[in-house]
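*Asks:* Encoded as structure tokens, here's the structure I'll be asking about.
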Amino acid sequence: MSSTPEQDTQDAAAPAVDPVDENLAIIARQAIVDESRAVYGYELFDRSTASDSHTAASDAALLFNALSYAGTEALVGKKTVFINCTHDSLSGGHLELIHPEKVVLEVPPLPDSATPEEIEGRLPTLEALRTRGFRLAFDQQALKRAYTSWLPMAAFIKLDMQAFKPELAAPLVKFATTHSKATLVAEKVETAAQYELMRDLGVKLFQGYWFAQPSLVKATTIRPSQATIIQLINLVRKQASTAEIEDLLKKDPTLSFNLLRFINSSGFGLSCEITSFRHAVMILGLKKLFRWAALLMTTSRAGGAPPAVGQTAVVRGRLMELLAAELLPPEECDNAFVVGVFSLLDTMLGVPLEKALESVALPEPVMDALLRGTGVFAPFLELTKACESGDEAAFAKNADALHLSNRQVNWAHLQALTWAESLDEE
């Protein structure tokens, strides 16, 4: 039986029962998405920093220790997980404990000084991992002549968009598809143009910040998925508690955005601005909430914002809320959640953030953090973004600025990921 998010949070606040102590890894997660921007899997990164007592290393053993303790479900749900490995860790006994079906091992190239004999010497280890059911991923270095013997073992080849000029994309893709049966992954994709280039060349998987960048679309509204609206209607019909309805609003950023915008619209006629989800539900009442949800249902479309973006927004909100709970008064935690969730509104709306926030009432400290990077919530937002990125210096700097230890941030991140996954499974 899995624990509830509330239980998890209580556990996290009790270091006396923390059995892994200094072995906790800081884990970042980046989505790998398919052509329709649905999440295919997640690449996990070790985000431990050298300020901890243990040595920071991109080592699979440390990652798997954390995964085993937190539960793989907490980080990746039922998706495929890509793990960065070192050649030393590929020979480690810890891999015997891992079920290989949903695991891809990312194998780095050897140093440039490696001899042909050293490259060939890795073959027995790689072949043994493949035989046990692990899939192997290589970067584009594996397309070099020296690594010809590795290519047949590649399940994935990752092409780093920052490592070659656009005009080299076509020959690289052609060479990779001609000489291997690997699925190609375009990584560090940062623009729509890069995505479209690789997609048109037949690449099926993508990784990078492209889905988190505002795209040039005309839409100025966002609509929740029909499934989420049905959940809301069902909660209202069974006269669920305000807390239950608030939990659903926290699950779907587009739903909460629409509700706050609606309740603060001039047509609703309130004399004060409503900035809390709970307050909005109480003001609106179940009868009007049912009518609003039914109306929204008729105008919604299947799908909504790309799932990876919505998931990231939800994790951001929960992580902000948990980090704020360590340092700020309880009444500020809901605002911290709003900052995290709405920090990706520009992506979901397809317009600049300032324009997106024009249509929803938010407290000044929330606006300061989102638009100006100032105020009480700004350091929490910066730390939350650093947890998602590969910038170890930014992570260490922002954690230190808030006087939060790696362990505190790690626990909060794991709880946020667990919570977001549990919402998806409801």
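Every chain in the structure tokens takes a letter, A first, then B, and so on in the order presented; its residues are numbered from 1, and the ligands are numbered from 1 following the presented order.
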Applying 8 Å and only C-alpha atoms, which residues near segment 115-122 of chain A remain after dropping the ones on its own chain fewer than 4 positions away? List them as JSON, numbers by chain.

*Replies:* {"A": [110, 126, 146, 147, 149]}

*Asks:* Could you please determine the separation between atom CA of Ala155 of chain A and atom CA of Leu417 of chain A in Å, to one decimal place?

*Replies:*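 Calculated distance between atom CA of Ala155 of chain A and atom CA of Leu417 of chain A is 27.3 Å.
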
*Asks:* Neighbours of Val104 of chain A within 8 Å (only C-alpha atoms; same-chain residues fewer than 4 positions away dropped), as a PyMOL selection string?

*Replies:* chain A and resi 80-83+100+134-137

*Asks:* Just C-alpha atoms for this one: save the residues we selected as a compact mmCIF listing (two decimals), in the first residue's frame.

*Replies:*
# COMPACT_ATOMS: atom_id res chain seq x y z
CA THR A 80 10.70 4.28 -19.31
CA VAL A 81 13.61 5.60 -17.26
CA PHE A 82 16.93 6.64 -18.80
CA ILE A 83 19.88 6.49 -16.39
CA PRO A 100 15.59 -4.10 -16.81
CA PHE A 134 18.72 -3.73 -20.48
CA ARG A 135 18.49 -1.37 -23.42
CA LEU A 136 21.57 0.72 -24.12
CA ALA A 137 21.71 4.32 -25.32

*Asks:* Could you tell me how far atom CA of Gln311 of chain A sits from atom CA of Gln207 of chain A, in Å to one decimal place?

*Replies:*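 If I compute the distance from atom CA of Gln207 of chain A to atom CA of Gln311 of chain A, I get 15.1 Å.
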
*Asks:* Env of Val366 of chain A: 9 Å cut, atoms = only C-alpha atoms, seq-sep filter 2 positions within chain, self excluded. Answer as a PyMOL selection string.

*Replies:* chain A and resi 335-336+338-339+362-364+368-371+375-378

*Asks:* Considering only C-alpha atoms, can you say which of A:Ala128, A:Leu159, A:Leu344, A:Ala240 comes closest to Leu289 of chain A?

*Replies:* A:Ala240

*Asks:* Using only C-alpha atoms, which residue out of A:His413, A:Lys385, A:Lys79, A:Lys204 lies closest to Val173 of chain A?

*Replies:* A:Lys204

*Asks:* Would you list, as an MDAnalysis selection string, the residues of segment 363-418 of chain A that end up in alpha helix (DSSP H) under DSSP run on this structure's backbone?

*Replies:* chainID A and resid 364:367 378:388 392:401 406:418

*Asks:* Using only C-alpha atoms, can you tell me which of A:Ala186, A:Ile263, A:Ala399, A:Leu404 comes closest to Ser276 of chain A?

*Replies:*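 Smallest separation from Ser276 of chain A among the options: A:Ile263.
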
*Asks:* Considering only C-alpha atoms, state which residue in the set A:Leu345, A:Met320, A:Val39, A:Leu414 is at the smallest distance from Phe380 of chain A.

*Replies:*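 That would be A:Met320, the residue with the smallest distance to Phe380 of chain A.
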
*Asks:* Extract the full set of strand (DSSP E) residues from segment 141-388 of chain A according to DSSP on the backbone, and format it as a list in words.

*Replies:*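 DSSP on the backbone gives strand (DSSP E) at Ala154, Ala155, Phe156, Ile157, Lys158, Leu159, Asp160, Thr183, Leu184, Val185, Ala186, Glu187, Leu205, Phe206 and Gln207 of chain A.
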
*Asks:* Restricted to N, CA and C atoms, what would the selected residues look like written as a PDB file, in the first residue's frame?

*Replies:*
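Dumped everything to part02.pdb:
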ATOM      1  N   ALA A 154      23.067  -0.725 -29.853  1.00  0.00           N
ATOM      2  CA  ALA A 154      22.341   0.497 -29.485  1.00  0.00           C
ATOM      3  C   ALA A 154      20.840   0.319 -29.664  1.00  0.00           C
ATOM      4  N   ALA A 155      20.102   0.513 -28.576  1.00  0.00           N
ATOM      5  CA  ALA A 155      18.642   0.599 -28.668  1.00  0.00           C
ATOM      6  C   ALA A 155      18.232   2.042 -28.949  1.00  0.00           C
ATOM      7  N   PHE A 156      19.056   2.985 -28.475  1.00  0.00           N
ATOM      8  CA  PHE A 156      18.805   4.412 -28.692  1.00  0.00           C
ATOM      9  C   PHE A 156      20.133   5.097 -29.024  1.00  0.00           C
ATOM     10  N   ILE A 157      20.075   6.068 -29.911  1.00  0.00           N
ATOM     11  CA  ILE A 157      21.215   6.950 -30.151  1.00  0.00           C
ATOM     12  C   ILE A 157      20.713   8.383 -29.960  1.00  0.00           C
ATOM     13  N   LYS A 158      21.387   9.119 -29.074  1.00  0.00           N
ATOM     14  CA  LYS A 158      20.965  10.477 -28.757  1.00  0.00           C
ATOM     15  C   LYS A 158      21.832  11.468 -29.527  1.00  0.00           C
ATOM     16  N   LEU A 159      21.177  12.329 -30.274  1.00  0.00           N
ATOM     17  CA  LEU A 159      21.854  13.335 -31.085  1.00  0.00           C
ATOM     18  C   LEU A 159      21.724  14.688 -30.397  1.00  0.00           C
ATOM     19  N   ASP A 160      22.848  15.244 -29.973  1.00  0.00           N
ATOM     20  CA  ASP A 160      22.886  16.500 -29.226  1.00  0.00           C
ATOM     21  C   ASP A 160      22.786  17.675 -30.196  1.00  0.00           C
ATOM     22  N   THR A 183      16.525   3.551 -32.078  1.00  0.00           N
ATOM     23  CA  THR A 183      15.582   4.669 -32.091  1.00  0.00           C
ATOM     24  C   THR A 183      16.374   5.940 -31.804  1.00  0.00           C
ATOM     25  N   LEU A 184      16.182   6.962 -32.635  1.00  0.00           N
ATOM     26  CA  LEU A 184      16.937   8.201 -32.462  1.00  0.00           C
ATOM     27  C   LEU A 184      16.212   9.154 -31.507  1.00  0.00           C
ATOM     28  N   VAL A 185      16.997   9.802 -30.655  1.00  0.00           N
ATOM     29  CA  VAL A 185      16.477  10.804 -29.724  1.00  0.00           C
ATOM     30  C   VAL A 185      17.223  12.109 -29.989  1.00  0.00           C
ATOM     31  N   ALA A 186      16.499  13.151 -30.363  1.00  0.00           N
ATOM     32  CA  ALA A 186      17.123  14.475 -30.495  1.00  0.00           C
ATOM     33  C   ALA A 186      17.111  15.125 -29.118  1.00  0.00           C
ATOM     34  N   GLU A 187      18.291  15.395 -28.561  1.00  0.00           N
ATOM     35  CA  GLU A 187      18.349  15.986 -27.219  1.00  0.00           C
ATOM     36  C   GLU A 187      18.877  17.418 -27.278  1.00  0.00           C
ATOM     37  N   LEU A 205      11.813  10.674 -31.062  1.00  0.00           N
ATOM     38  CA  LEU A 205      11.813  11.093 -29.657  1.00  0.00           C
ATOM     39  C   LEU A 205      12.631  12.367 -29.486  1.00  0.00           C
ATOM     40  N   PHE A 206      12.235  13.195 -28.506  1.00  0.00           N
ATOM     41  CA  PHE A 206      12.831  14.514 -28.333  1.00  0.00           C
ATOM     42  C   PHE A 206      13.006  14.831 -26.851  1.00  0.00           C
ATOM     43  N   GLN A 207      14.066  15.572 -26.567  1.00  0.00           N
ATOM     44  CA  GLN A 207      14.354  15.936 -25.188  1.00  0.00           C
ATOM     45  C   GLN A 207      14.957  17.332 -25.186  1.00  0.00           C
TER      46      GLN A 207
END

*Asks:* Looking at only C-alpha atoms, which of A:Gln239, A:Thr148, A:Thr384, A:Thr125 is the one that sits closest to Leu402 of chain A?

*Replies:*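 Checking each of A:Gln239, A:Thr148, A:Thr384, A:Thr125 against Leu402 of chain A, counting only C-alpha atoms, the winner is A:Thr384.
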
*Asks:* Just give me the gap between atom CA of Glu388 of chain A and atom CA of Trp411 of chain A in Å, one decimal is fine.

*Replies:*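 Taking atom CA of Glu388 of chain A and atom CA of Trp411 of chain A, their separation equals 14.4 Å.
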
*Asks:* Just checking: using only C-alpha atoms, which residue out of A:Ala192, A:Ile274, A:Val281, A:Ala324 ends up closest to Thr242 of chain A?

*Replies:*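 Of A:Ala192, A:Ile274, A:Val281, A:Ala324, the one nearest Thr242 of chain A is A:Val281, counting only C-alpha atoms.
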
*Asks:* Taking a cut-off of 12 Å and counting only C-alpha atoms, can you build a table that, for each residue of segment 315-417 of chain A near segment 244-258 of chain A, reports the nearest atom pair and how far apart they are in Å (one decimal), sorted by chain then residue number, as CSV?

*Replies:*
residue,atom,partner,partner_atom,distance
A:Val315,CA,A:Lys251,CA,9.4
A:Arg316,CA,A:Pro253,CA,10.8
A:Gly317,CA,A:Lys250,CA,8.2
A:Arg318,CA,A:Lys250,CA,8.5
A:Glu321,CA,A:Lys250,CA,11.1
A:Asp334,CA,A:Lys250,CA,9.9
A:Asn335,CA,A:Lys250,CA,11.8
A:Phe337,CA,A:Lys250,CA,8.3
A:Val338,CA,A:Lys250,CA,8.8
A:Val339,CA,A:Pro253,CA,11.0
A:Gly340,CA,A:Pro253,CA,9.9
A:Val341,CA,A:Pro253,CA,6.1
A:Phe342,CA,A:Pro253,CA,7.2
A:Ser343,CA,A:Pro253,CA,10.2
A:Leu344,CA,A:Pro253,CA,9.2
A:Leu345,CA,A:Pro253,CA,8.5
A:Asp346,CA,A:Thr254,CA,11.6
A:Thr347,CA,A:Thr254,CA,11.4
A:Met348,CA,A:Thr254,CA,8.0
A:Leu349,CA,A:Thr254,CA,9.4
A:Ala356,CA,A:Phe257,CA,10.0
A:Leu357,CA,A:Phe257,CA,9.5
A:Glu358,CA,A:Phe257,CA,11.6
A:Ser359,CA,A:Phe257,CA,9.2
A:Val360,CA,A:Phe257,CA,7.2
A:Ala361,CA,A:Phe257,CA,9.7
A:Leu362,CA,A:Phe257,CA,10.5
A:Ala416,CA,A:Lys251,CA,11.5
